[in-house]
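First up is the structure itself, then whatever we jot down about it.
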Amino acid sequence: MNLSKLILFFIYFIAINGSAQYSVSGIVTEKESQKPLIGVSIKTENRKGTVTNSKGRYTIILSQGKNKISYSFVGYETKTFNLFLDKDFEKNISLSEVSTDLDLMVVSASKFKQKIEEVTVSMDVIGSKFIESKNCITLSDVIRNAPSIQLIDGQLNIRSGSGWSYGTGSRVLVMVDEMPILSADQGEVDFNLIPIETIEQIEVIKGAASALYGSSALNGIINIKTKTPSLKPNTTISSFIGFWDRPRDSRNKWWGDSIMLRNGLSLSHSKRIKNLDLILSANHFNDRGYIKYINNQQTRFSANSKLVKDKVIFGLNLNFMQRKSSLFVMWDSDTNCYIPLNGTNIPNNGNRFYIDPSITFFHNSFKHILRSRILSRNLYYNDNPDDRNNSLMSFNEYQNQFQQENTTITSGITLVTLSGKTNSFNSQFSQNGKITGLNYCGYLQLDQRINKFNFSVGGRYEFYDLNTKQFGQPVFRGGLNYELASGWNIRSSFGQGFRFPTMTELYFQGDIGPINLYNNPNLVPETGWTTELGIKKVIKINNFKGYIDLVGFLMEYNNMMEFTLGIWGPSEPSSYGLGFSSRNVNKARIPGIEFTINGSGMVQDDWSVSMLLGVTYSNPYSVYPDSSFENLFTRDITQVSLSQIALNESNPTKYSFSNTSSIEGSSTLKYRSKTNIRLDLESVYKKKIIIGVSWQYNSKMSNIDYAFTTGLFNENTLISTDLGINRSMQNFNIGYNLFDFRVKYNLQKDFTLGILCENLLNKDYIIRPAIMGSPRTFMLQIQRKF
């Protein structure tokens with residue numbers, strides 16, 4: 001009996017001590033200044049976590065015995081310790097800032113911070129130093145230098161995923177801080193609205209990413225991460241003045257002896273005030289332009305704020321822009337390339353803004369995020385306040401993330417409201433020119449690390465309700481990354497994507513001069529998938545760090561929506577129904593290969609070098625080029641004159657990809673360059689002299705719309721002048737090389753003077769039919785940091 005009591009006593013003693021808990025507490029500071037860091041994440045391997053409060057202090061309750069605890073903060077080193085607890089413990093930590101330019105940490109691949117070599121998809125990263133060095137005025141100036149990306153009339157495409165689709169939807173989802181910045185009506189990106197002066201880095205995911213990010217991520221995503229203030233206040237003032245040089249063909253210089261100036265001024269200030277992070281910025285830009293009648297003027301203000309209160313972070317970001325500009329659709333002729341065709345110059349004026357409230361709450365190993373974005377655009381055209389275009393998008397998301405040392409589970413729900421109003425919406429489908437819609441979804445993703453393997457798998461269901469159209473779409477993705485050896489990673493992934501038609505594609509009908517735009521209410525969503533196999537090698541040569549990446553990819557689209565030139569309207573003068581309309585053109589496939597080098601660092605005692613090189617080859621083609629993509633008979637666009645078109649109405653034909661292509665029997669997708677090369681190389685001597693050069697190469701467009709090659713645009717048939725499209729395509733559609741050059745000098749540590757030149761050789765080049773690229777431009781830049 002006494003023995004039984006003794007055994008029970010020992011069992012009770014062990015249970016009590018086994019469940020004993022002790023506290024680990026302390027203060028986390030910045031190593032250099034010894035000031036407290038607010039919002040530092042403290043996590044253990046057994047699902048517990050907390051964050052530092054407004055005084056940098058933390059407390060976490062852990063079980064007796066061995067514990068592994070890590071301290072991490074964006075922009076700072078991560079420290080991990082093994083502790084044995086048998087009593088309450090005080091642990092103060094200091095963290096040092098690290099350079100993200102070399103470490104290349106990304107968040108877009110799985111919505112949490114990872115090393116770029118460990119992600120399961122293809123990614124590129126562009127840092128803020130590159131943006132400053134190139135004097136990038138808008139996001140489009142940055143993007144056109146990124147590997148595998150091409151920009152045609154504001155339409156982004158990655159690896160030939162899109163062609164020319166003027167202002168009607170995007171297959172690349174552009175986000176600022178993980179929230180979309182596509183307009184509610186057109187689904188397009190306003191690159192000028194994005195505050196370039198507050199960008200920390202740009203992350204590019206290549207291929208379908210709809211499982212995490214939804215519609216429009218069919219061809220990839222571009223996520224812009226904004227800066228977080230350091231402990232030291234920072235103020236940057238940058239100004240430039242420049243001019244457009246005369247074109248190589250003097251016939252295109254319409255401005256005579258005038259000087260076409262461009263100038264800009266930007267200001268940013270960041271500061272941490274106790275537990276408040278604050279970034280303020282302003283920008284003004286004025287460009288008289290090289291295109292007649294088009295003067296770009298804009299003023300933008302933005303503010304980012306973040307308040308940390310114990311385990312809760314409150315955020316509020318604001319951005320407002322007033323802009324006056326004009327649309328340029330088509331030139332007057334190939335010898336007046338920078339003069340708009342009569343009626344195609346459309347002035348516009350108005351404002352755009354977004355407001356982003358957010359709340360982030362940390363509890364143990366869980367992070368809860370509730371955030372919204374209200375994106376508004378209010379424009380009027382042709383200097384007529386009654387000719388308005390208003391759109392309003394609200395994005396609302398709840399995200400929950402559970403994270404241990406090797407496991408991350410991300411889930412969430414989103415609700416998006418859409419509203420657009422314009423007199424150009426087809427009255428049959430709108431109420432007083434207004435159309436509204438809803439978009440809601442749920443998603444779930446698991447990321448797991450097991451030894452040298454990183455697994456990622458996820459899914460999403462999204463439902464779209466726009467006016468009378470309703471669509472639902474599930475998508476899935478999966479990926480694997482394996483560390484072959486130190487510095488060598490191989491990856492493979494498969495991801496599905498989709499894009500719902502925009503309001504403009506479904507319901508907008510109007511004209512731009514002699515060019516008609518026709519709506520298509522019968523459009524259905526385009527879907528697709530991307531698969532790839534790649535290998536990445538991390539480079540570490542003394543103080544030079546970077547990576548080399550080689551990947552083969554295959555993309556496939558079903559019901560692909562293409563902006564197609566055809567006879568879609570009624571047979572009446574003066575255009576006889578000829579115009580552009582978005583159409584589902586059956587199935588497309590794009591195989592290809594890509595090679596990338598990205599790195600920077602010291603190569604000698606006095607010299608540092610940074611390099612970004614990307615070479616992409618793709619073969620975009622229609623799988624069924626001879627299959628009709630229209631259910632109804634249409635009039636034959638292969639006729640070369642309007643009178644012949646009118647007479648041919650009694651003998652209709654069906655449109656196929658092949659018979660609407662400029663090359664007979666071609667299956668190559670339109671308005672694509674199969675090969676593109678991007679290179680930026682910069683060298684710094686003794687931190688004083690900076691020399692940089694950029695190179696862009698795009699191969700010729702192998703296919704365009706057939707109608708552009710007929711007498712409709714080349715023999716005074718549709719338009720009262722010969723646009724010379726055939727001549728220009730023959731002379732200039734041969735592929736092109738563009739070189740940019742910059743040299744800068746640091747007069748003082750934080751005072752830089754620079755001279756920059758874009759299109760150094762003043763190359764004439766075609767972006768697409770009836771659009772000539774910009775001539776050479778020179779700029780003088782001054783930058784001061786405090």
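Chain labels follow the order of the structure tokens: the first chain is A, the next B, and so on; residue numbering restarts at 1 in every chain, and ligands are counted from 1 in their shown order.
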
Report task. Name the residues of region 405-506 of chain A that fall into alpha helix (DSSP H) according to DSSP on the backbone, using the chain letters and numbers of this document, as a PyMOL selection string. Result -> chain A and resi 503-506

Requested in this report: Write out as an NGL selection string all residues of region 178-331 of chain A that backbone DSSP assigns to strand (DSSP E or B).
Outcome: :A and (179-180 or 182 or 189 or 199-206 or 220-226 or 234-244 or 261-273 or 276-287 or 296-309 or 312-328 or 331)

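With only C-alpha atoms as the atoms that count, the residue of A:Gln64, A:Ser618, A:Asn378, A:Ser215 with the shortest distance to Glu594 (chain A) is A:Ser618.
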
Go through region 502-581 of chain A and flag each residue having an atom no more than 10 Å from region 176-184 of chain A; for those, report the closest pair of atoms plus their distance in Å to one decimal, using only C-alpha atoms, ordered by chain and rising number, as a Markdown table.
```
| residue | atom | partner | partner_atom | distance |
| --- | --- | --- | --- | --- |
| A:Thr502 | CA | A:Ala184 | CA | 8.0 |
| A:Met503 | CA | A:Ala184 | CA | 7.8 |
| A:Thr504 | CA | A:Ala184 | CA | 9.5 |
```

Give one line per residue of region 279-351 of chain A that approaches region 235-258 of chain A to at most 6 Å, naming the two atoms of the closest pair and their distance in Å to one decimal, counting only C-alpha atoms; sort by chain then ascending residue number and deliver it as CSV.
```
residue,atom,partner,partner_atom,distance
A:Thr335,CA,A:Arg251,CA,5.9
A:Asn336,CA,A:Asn252,CA,5.0
A:Cys337,CA,A:Asn252,CA,5.8
```

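The shortest atom-to-atom distance to Asn659 (chain A), with only C-alpha atoms taken into account, belongs to A:Ser628 out of A:Asn223, A:Asn759, A:Gln783, A:Ser628.
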
Contacts of region 516-625 of chain A with region 142-151 of chain A up to 8 Å, shortest pair per row, only C-alpha atoms, as JSON lines:
```
{"residue": "A:Glu594", "atom": "CA", "partner": "A:Ser148", "partner_atom": "CA", "distance": 7.9}
{"residue": "A:Thr596", "atom": "CA", "partner": "A:Pro147", "partner_atom": "CA", "distance": 7.6}
{"residue": "A:Leu613", "atom": "CA", "partner": "A:Pro147", "partner_atom": "CA", "distance": 6.9}
{"residue": "A:Gly614", "atom": "CA", "partner": "A:Pro147", "partner_atom": "CA", "distance": 4.5}
{"residue": "A:Val615", "atom": "CA", "partner": "A:Pro147", "partner_atom": "CA", "distance": 6.9}
{"residue": "A:Thr616", "atom": "CA", "partner": "A:Ser148", "partner_atom": "CA", "distance": 5.6}
```

Keeping C-alpha atoms for every residue in the selection just given, could you write it to a file as a compact mmCIF listing (two decimals), in the first residue's frame?
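Final output, saved to result_24.txt:
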```txt
# COMPACT_ATOMS: atom_id res chain seq x y z
CA GLU A 594 14.52 31.56 -70.03
CA THR A 596 18.56 34.97 -65.89
CA LEU A 613 20.38 39.93 -67.39
CA GLY A 614 17.40 38.06 -68.79
CA VAL A 615 17.09 36.16 -72.09
CA THR A 616 13.69 34.73 -73.01
```

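The shell of residues at most 6 Å from region 313-322 of chain A, with only C-alpha atoms counted and near chain neighbours (fewer than 2 positions) removed, consists of Gln298, Thr299, Arg300, Phe301, Ser302, Ala303, Asn304, Ser305, Lys306, Leu307, Val308, Gly350, Asn351, Arg352, Phe353, Tyr354, Ile355, Asp356, Pro357, Ser358, Ile359 and Thr360 of chain A.
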
For the residues selected in the previous step, produce a file with N, CA and C atoms as a PDB file, in the first residue's frame.
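The resulting file, result36.pdb, is shown below:
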```pdb
ATOM      1  N   GLN A 298       1.198  65.860 -64.240  1.00  0.00           N
ATOM      2  CA  GLN A 298       0.616  65.157 -63.107  1.00  0.00           C
ATOM      3  C   GLN A 298       1.234  65.632 -61.794  1.00  0.00           C
ATOM      4  N   THR A 299       0.420  65.578 -60.739  1.00  0.00           N
ATOM      5  CA  THR A 299       0.869  65.867 -59.384  1.00  0.00           C
ATOM      6  C   THR A 299       0.303  64.781 -58.478  1.00  0.00           C
ATOM      7  N   ARG A 300       1.164  64.214 -57.640  1.00  0.00           N
ATOM      8  CA  ARG A 300       0.741  63.093 -56.804  1.00  0.00           C
ATOM      9  C   ARG A 300       1.235  63.265 -55.374  1.00  0.00           C
ATOM     10  N   PHE A 301       0.392  62.900 -54.401  1.00  0.00           N
ATOM     11  CA  PHE A 301       0.739  62.915 -52.985  1.00  0.00           C
ATOM     12  C   PHE A 301       0.408  61.549 -52.388  1.00  0.00           C
ATOM     13  N   SER A 302       1.257  61.068 -51.499  1.00  0.00           N
ATOM     14  CA  SER A 302       0.971  59.790 -50.843  1.00  0.00           C
ATOM     15  C   SER A 302       1.452  59.820 -49.395  1.00  0.00           C
ATOM     16  N   ALA A 303       0.812  58.984 -48.561  1.00  0.00           N
ATOM     17  CA  ALA A 303       1.183  58.859 -47.155  1.00  0.00           C
ATOM     18  C   ALA A 303       0.959  57.414 -46.721  1.00  0.00           C
ATOM     19  N   ASN A 304       1.964  56.811 -46.115  1.00  0.00           N
ATOM     20  CA  ASN A 304       1.867  55.475 -45.544  1.00  0.00           C
ATOM     21  C   ASN A 304       2.107  55.564 -44.048  1.00  0.00           C
ATOM     22  N   SER A 305       1.235  54.970 -43.258  1.00  0.00           N
ATOM     23  CA  SER A 305       1.397  55.018 -41.806  1.00  0.00           C
ATOM     24  C   SER A 305       1.110  53.654 -41.203  1.00  0.00           C
ATOM     25  N   LYS A 306       1.798  53.372 -40.099  1.00  0.00           N
ATOM     26  CA  LYS A 306       1.617  52.108 -39.390  1.00  0.00           C
ATOM     27  C   LYS A 306       1.809  52.358 -37.901  1.00  0.00           C
ATOM     28  N   LEU A 307       0.823  51.994 -37.097  1.00  0.00           N
ATOM     29  CA  LEU A 307       0.837  52.197 -35.651  1.00  0.00           C
ATOM     30  C   LEU A 307       0.850  50.833 -34.971  1.00  0.00           C
ATOM     31  N   VAL A 308       1.862  50.597 -34.129  1.00  0.00           N
ATOM     32  CA  VAL A 308       1.991  49.325 -33.422  1.00  0.00           C
ATOM     33  C   VAL A 308       1.537  49.501 -31.987  1.00  0.00           C
ATOM     34  N   GLY A 350      -8.359  64.421 -64.976  1.00  0.00           N
ATOM     35  CA  GLY A 350      -9.089  63.916 -63.824  1.00  0.00           C
ATOM     36  C   GLY A 350      -8.177  63.460 -62.718  1.00  0.00           C
ATOM     37  N   ASN A 351      -8.760  62.778 -61.744  1.00  0.00           N
ATOM     38  CA  ASN A 351      -8.000  62.331 -60.582  1.00  0.00           C
ATOM     39  C   ASN A 351      -8.167  60.827 -60.369  1.00  0.00           C
ATOM     40  N   ARG A 352      -7.197  60.288 -59.693  1.00  0.00           N
ATOM     41  CA  ARG A 352      -7.215  58.899 -59.254  1.00  0.00           C
ATOM     42  C   ARG A 352      -6.735  58.879 -57.806  1.00  0.00           C
ATOM     43  N   PHE A 353      -7.263  57.970 -57.010  1.00  0.00           N
ATOM     44  CA  PHE A 353      -6.770  57.842 -55.640  1.00  0.00           C
ATOM     45  C   PHE A 353      -7.095  56.459 -55.099  1.00  0.00           C
ATOM     46  N   TYR A 354      -6.329  56.060 -54.076  1.00  0.00           N
ATOM     47  CA  TYR A 354      -6.696  54.868 -53.313  1.00  0.00           C
ATOM     48  C   TYR A 354      -6.452  55.109 -51.825  1.00  0.00           C
ATOM     49  N   ILE A 355      -7.246  54.407 -51.012  1.00  0.00           N
ATOM     50  CA  ILE A 355      -7.165  54.455 -49.554  1.00  0.00           C
ATOM     51  C   ILE A 355      -7.073  53.021 -49.049  1.00  0.00           C
ATOM     52  N   ASP A 356      -6.082  52.741 -48.194  1.00  0.00           N
ATOM     53  CA  ASP A 356      -5.836  51.377 -47.731  1.00  0.00           C
ATOM     54  C   ASP A 356      -5.822  51.310 -46.204  1.00  0.00           C
ATOM     55  N   PRO A 357      -6.945  51.001 -45.557  1.00  0.00           N
ATOM     56  CA  PRO A 357      -6.910  50.724 -44.115  1.00  0.00           C
ATOM     57  C   PRO A 357      -6.602  49.244 -43.856  1.00  0.00           C
ATOM     58  N   SER A 358      -5.917  48.947 -42.760  1.00  0.00           N
ATOM     59  CA  SER A 358      -5.589  47.552 -42.452  1.00  0.00           C
ATOM     60  C   SER A 358      -5.376  47.370 -40.953  1.00  0.00           C
ATOM     61  N   ILE A 359      -5.613  46.140 -40.494  1.00  0.00           N
ATOM     62  CA  ILE A 359      -5.342  45.742 -39.115  1.00  0.00           C
ATOM     63  C   ILE A 359      -4.656  44.381 -39.162  1.00  0.00           C
ATOM     64  N   THR A 360      -3.526  44.250 -38.471  1.00  0.00           N
ATOM     65  CA  THR A 360      -2.814  42.985 -38.362  1.00  0.00           C
ATOM     66  C   THR A 360      -2.699  42.620 -36.896  1.00  0.00           C
TER      67      THR A 360
END
```

Query raised in the report: Using only C-alpha atoms, which of A:Gly546, A:Gly65, A:Gly412, A:Gly513 sits nearest Gly442 (chain A)?
Result: A:Gly412

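The smallest atom-to-atom distance between Phe191 (chain A) and any of A:His363, A:Lys55, A:Arg727, A:Arg323, using only C-alpha atoms, is found for A:Arg323.
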
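One finds CA of Phe453 (chain A) at 23.2 Å from CA of Lys545 (chain A).
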
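Taking CA of Ile548 (chain A) and CA of Gly601 (chain A) as the two end points, the separation is 14.9 Å.
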
Residues of region 141-219 of chain A that have any atom at most 9 Å from an atom of region 109-133 of chain A: could you tabulate them with the shortest-distance atom pair and the distance in Å to one decimal, using only C-alpha atoms, ordered by chain and increasing number, as JSON lines?
```
{"residue": "A:Asp141", "atom": "CA", "partner": "A:Ile131", "partner_atom": "CA", "distance": 8.7}
{"residue": "A:Val142", "atom": "CA", "partner": "A:Ile131", "partner_atom": "CA", "distance": 6.6}
{"residue": "A:Ala146", "atom": "CA", "partner": "A:Ile126", "partner_atom": "CA", "distance": 7.8}
{"residue": "A:Pro147", "atom": "CA", "partner": "A:Asp124", "partner_atom": "CA", "distance": 7.8}
{"residue": "A:Glu178", "atom": "CA", "partner": "A:Lys111", "partner_atom": "CA", "distance": 8.3}
{"residue": "A:Ile196", "atom": "CA", "partner": "A:Ile131", "partner_atom": "CA", "distance": 8.0}
{"residue": "A:Glu197", "atom": "CA", "partner": "A:Glu132", "partner_atom": "CA", "distance": 8.2}
{"residue": "A:Thr198", "atom": "CA", "partner": "A:Ser128", "partner_atom": "CA", "distance": 8.5}
{"residue": "A:Ile199", "atom": "CA", "partner": "A:Ser128", "partner_atom": "CA", "distance": 6.1}
{"residue": "A:Glu200", "atom": "CA", "partner": "A:Ser128", "partner_atom": "CA", "distance": 5.2}
{"residue": "A:Gln201", "atom": "CA", "partner": "A:Gly127", "partner_atom": "CA", "distance": 4.3}
{"residue": "A:Ile202", "atom": "CA", "partner": "A:Ile126", "partner_atom": "CA", "distance": 5.1}
{"residue": "A:Glu203", "atom": "CA", "partner": "A:Val125", "partner_atom": "CA", "distance": 4.8}
{"residue": "A:Val204", "atom": "CA", "partner": "A:Asp124", "partner_atom": "CA", "distance": 5.1}
{"residue": "A:Ile205", "atom": "CA", "partner": "A:Met123", "partner_atom": "CA", "distance": 4.7}
{"residue": "A:Lys206", "atom": "CA", "partner": "A:Ser122", "partner_atom": "CA", "distance": 5.6}
{"residue": "A:Gly207", "atom": "CA", "partner": "A:Ser122", "partner_atom": "CA", "distance": 7.9}
{"residue": "A:Ala209", "atom": "CA", "partner": "A:Ala109", "partner_atom": "CA", "distance": 8.7}
{"residue": "A:Leu212", "atom": "CA", "partner": "A:Ser110", "partner_atom": "CA", "distance": 7.7}
```

Write the residues you've just listed into a file as a compact mmCIF listing (two decimals), in the first residue's frame, and include N, CA, C and O atoms for each of them.
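Wrote result_9.txt, looks like this:
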```txt
# COMPACT_ATOMS: atom_id res chain seq x y z
N ASP A 141 8.48 52.67 -66.64
CA ASP A 141 9.91 52.83 -66.93
C ASP A 141 10.74 51.72 -66.30
O ASP A 141 11.78 51.33 -66.84
N VAL A 142 10.28 51.22 -65.15
CA VAL A 142 10.98 50.11 -64.49
C VAL A 142 10.70 48.81 -65.21
O VAL A 142 11.61 48.03 -65.52
N ALA A 146 12.72 44.96 -67.15
CA ALA A 146 12.69 43.69 -66.43
C ALA A 146 12.75 42.52 -67.39
O ALA A 146 12.15 42.55 -68.47
N PRO A 147 13.45 41.46 -67.04
CA PRO A 147 13.54 40.28 -67.92
C PRO A 147 12.18 39.68 -68.22
O PRO A 147 11.31 39.61 -67.35
N GLU A 178 0.44 43.76 -51.97
CA GLU A 178 -0.41 42.57 -52.07
C GLU A 178 -1.88 42.86 -52.32
O GLU A 178 -2.72 41.97 -52.18
N ILE A 196 6.36 55.84 -57.10
CA ILE A 196 7.63 55.20 -57.40
C ILE A 196 8.70 55.53 -56.37
O ILE A 196 9.60 54.74 -56.09
N GLU A 197 8.59 56.71 -55.73
CA GLU A 197 9.61 57.15 -54.79
C GLU A 197 9.55 56.41 -53.46
O GLU A 197 10.47 56.53 -52.63
N THR A 198 8.49 55.63 -53.19
CA THR A 198 8.39 54.89 -51.94
C THR A 198 8.51 53.38 -52.14
O THR A 198 8.24 52.61 -51.24
N ILE A 199 8.95 52.95 -53.33
CA ILE A 199 9.07 51.52 -53.61
C ILE A 199 10.34 50.96 -52.96
O ILE A 199 11.43 51.51 -53.13
N GLU A 200 10.17 49.86 -52.24
CA GLU A 200 11.31 49.14 -51.67
C GLU A 200 11.84 48.11 -52.66
O GLU A 200 13.04 48.05 -52.92
N GLN A 201 10.96 47.29 -53.21
CA GLN A 201 11.35 46.35 -54.25
C GLN A 201 10.12 45.89 -55.02
O GLN A 201 8.99 46.00 -54.55
N ILE A 202 10.36 45.41 -56.24
CA ILE A 202 9.31 44.90 -57.11
C ILE A 202 9.57 43.42 -57.32
O ILE A 202 10.67 43.01 -57.69
N GLU A 203 8.53 42.61 -57.05
CA GLU A 203 8.64 41.17 -57.20
C GLU A 203 7.76 40.71 -58.36
O GLU A 203 6.58 41.06 -58.43
N VAL A 204 8.35 39.95 -59.26
CA VAL A 204 7.66 39.49 -60.45
C VAL A 204 7.55 37.96 -60.41
O VAL A 204 8.57 37.27 -60.36
N ILE A 205 6.32 37.45 -60.39
CA ILE A 205 6.08 36.01 -60.52
C ILE A 205 5.65 35.74 -61.95
O ILE A 205 4.74 36.38 -62.47
N LYS A 206 6.29 34.77 -62.59
CA LYS A 206 6.05 34.48 -63.99
C LYS A 206 5.20 33.21 -64.12
O LYS A 206 5.59 32.16 -63.63
N GLY A 207 4.07 33.35 -64.79
CA GLY A 207 3.18 32.21 -64.95
C GLY A 207 1.94 32.34 -64.09
O GLY A 207 1.81 33.25 -63.26
N ALA A 209 -0.84 32.46 -61.47
CA ALA A 209 -0.77 32.58 -60.00
C ALA A 209 -2.15 32.85 -59.42
O ALA A 209 -2.28 33.47 -58.37
N LEU A 212 -3.51 31.85 -55.56
CA LEU A 212 -3.33 32.77 -54.44
C LEU A 212 -3.91 34.14 -54.69
O LEU A 212 -4.36 34.80 -53.75
```

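Nearest residue to Gly692 (chain A), choosing from A:Asn516, A:Ile273, A:Leu446, A:Asn135 and counting only C-alpha atoms: A:Asn135.
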
Query raised in the report: Counting only C-alpha atoms, what is within 10 Å of region 700-705 of chain A, bar same-chain residues fewer than 3 positions away, as number ranges by chain?
Result: A: 163-164, 563-566, 657-664, 666-676, 697, 708-710, 729, 732-736, 766-769

Report task. Fewer than 4 positions away in the same chain doesn't count, so skip those; otherwise give me all residues within 12 Å of Phe476 (chain A), counting only C-alpha atoms, as a ChimeraX atom specification. Result -> /A:208-214,443-446,456-462,493-498,527-530

Any chance you could export the current selection's N, CA and C atoms as a tab-separated table (two decimals), in the first residue's frame?
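File produced: again.tsv:
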```tsv
chain	number	residue	atom	x	y	z
A	208	ALA	N	0.99	31.44	-64.30
A	208	ALA	CA	-0.31	31.52	-63.65
A	208	ALA	C	-0.17	31.51	-62.13
A	209	ALA	N	-0.84	32.46	-61.47
A	209	ALA	CA	-0.77	32.58	-60.00
A	209	ALA	C	-2.15	32.85	-59.42
A	210	SER	N	-3.20	32.37	-60.10
A	210	SER	CA	-4.57	32.67	-59.67
A	210	SER	C	-4.96	31.96	-58.39
A	211	ALA	N	-4.29	30.85	-58.04
A	211	ALA	CA	-4.66	30.12	-56.83
A	211	ALA	C	-4.51	30.98	-55.59
A	212	LEU	N	-3.51	31.85	-55.56
A	212	LEU	CA	-3.33	32.77	-54.44
A	212	LEU	C	-3.91	34.14	-54.69
A	213	TYR	N	-3.93	34.59	-55.96
A	213	TYR	CA	-4.24	35.99	-56.23
A	213	TYR	C	-5.46	36.22	-57.10
A	214	GLY	N	-6.06	35.19	-57.66
A	214	GLY	CA	-7.34	35.35	-58.33
A	214	GLY	C	-7.27	35.77	-59.78
A	443	TYR	N	-9.56	30.95	-50.39
A	443	TYR	CA	-8.34	30.27	-50.83
A	443	TYR	C	-7.63	29.63	-49.63
A	444	LEU	N	-6.80	28.64	-49.93
A	444	LEU	CA	-6.06	27.91	-48.91
A	444	LEU	C	-4.75	27.42	-49.53
A	445	GLN	N	-3.64	27.60	-48.80
A	445	GLN	CA	-2.35	27.12	-49.30
A	445	GLN	C	-1.51	26.58	-48.15
A	446	LEU	N	-0.81	25.48	-48.41
A	446	LEU	CA	0.12	24.87	-47.45
A	446	LEU	C	1.53	24.93	-48.02
A	456	SER	N	4.75	23.13	-51.84
A	456	SER	CA	3.70	24.16	-51.82
A	456	SER	C	2.51	23.65	-52.60
A	457	VAL	N	1.32	23.71	-51.99
A	457	VAL	CA	0.10	23.26	-52.66
A	457	VAL	C	-1.04	24.15	-52.19
A	458	GLY	N	-1.93	24.52	-53.11
A	458	GLY	CA	-3.03	25.41	-52.74
A	458	GLY	C	-4.16	25.39	-53.73
A	459	GLY	N	-5.27	25.98	-53.34
A	459	GLY	CA	-6.44	26.04	-54.20
A	459	GLY	C	-7.27	27.26	-53.89
A	460	ARG	N	-8.17	27.58	-54.82
A	460	ARG	CA	-9.00	28.77	-54.70
A	460	ARG	C	-10.29	28.55	-55.47
A	461	TYR	N	-11.38	29.10	-54.94
A	461	TYR	CA	-12.62	29.16	-55.71
A	461	TYR	C	-13.07	30.62	-55.75
A	462	GLU	N	-13.36	31.10	-56.96
A	462	GLU	CA	-13.74	32.50	-57.14
A	462	GLU	C	-15.04	32.57	-57.94
A	493	SER	N	6.90	23.31	-60.91
A	493	SER	CA	5.60	23.80	-60.44
A	493	SER	C	4.55	23.67	-61.53
A	494	PHE	N	3.31	23.64	-61.08
A	494	PHE	CA	2.15	23.65	-61.97
A	494	PHE	C	1.12	24.56	-61.33
A	495	GLY	N	0.58	25.49	-62.11
A	495	GLY	CA	-0.43	26.41	-61.58
A	495	GLY	C	-1.48	26.73	-62.60
A	496	GLN	N	-2.73	26.78	-62.15
A	496	GLN	CA	-3.83	27.16	-63.02
A	496	GLN	C	-4.13	28.65	-62.86
A	497	GLY	N	-4.74	29.21	-63.91
A	497	GLY	CA	-5.10	30.62	-63.87
A	497	GLY	C	-6.38	30.88	-64.63
A	498	PHE	N	-6.93	32.07	-64.43
A	498	PHE	CA	-8.14	32.45	-65.14
A	498	PHE	C	-8.24	33.97	-65.17
A	527	THR	N	-9.21	30.64	-69.36
A	527	THR	CA	-8.55	29.84	-68.33
A	527	THR	C	-7.24	29.31	-68.89
A	528	GLY	N	-6.41	28.80	-68.02
A	528	GLY	CA	-5.15	28.26	-68.50
A	528	GLY	C	-4.31	27.68	-67.39
A	529	TRP	N	-3.10	27.29	-67.74
A	529	TRP	CA	-2.18	26.76	-66.75
A	529	TRP	C	-0.74	27.00	-67.21
A	530	THR	N	0.16	26.95	-66.24
A	530	THR	CA	1.58	27.09	-66.50
A	530	THR	C	2.31	25.97	-65.76
```

Requested in this report: Find the spatial neighbours of Glu758 (chain A), counting only C-alpha atoms, within a cut-off of 9 Å - ignore same-chain residues fewer than 3 positions away - and output them as number ranges by chain.
Outcome: A: 694, 738-742, 761-762, 775-779

Requested in this report: Do a neighbour search on Ser170 (chain A) at 12 Å with only C-alpha atoms, toss out local chain neighbours closer than 4 positions, and write the hits as an MDAnalysis selection string.
Outcome: chainID A and resid 151:158 161:166 174 180:190 215:222 498:502 504:505 526 561:563

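Taking only C-alpha atoms into account, Arg477 (chain A) lies nearest to A:Ser492 out of the set A:Thr59, A:Ser492, A:Lys421, A:Asn275.
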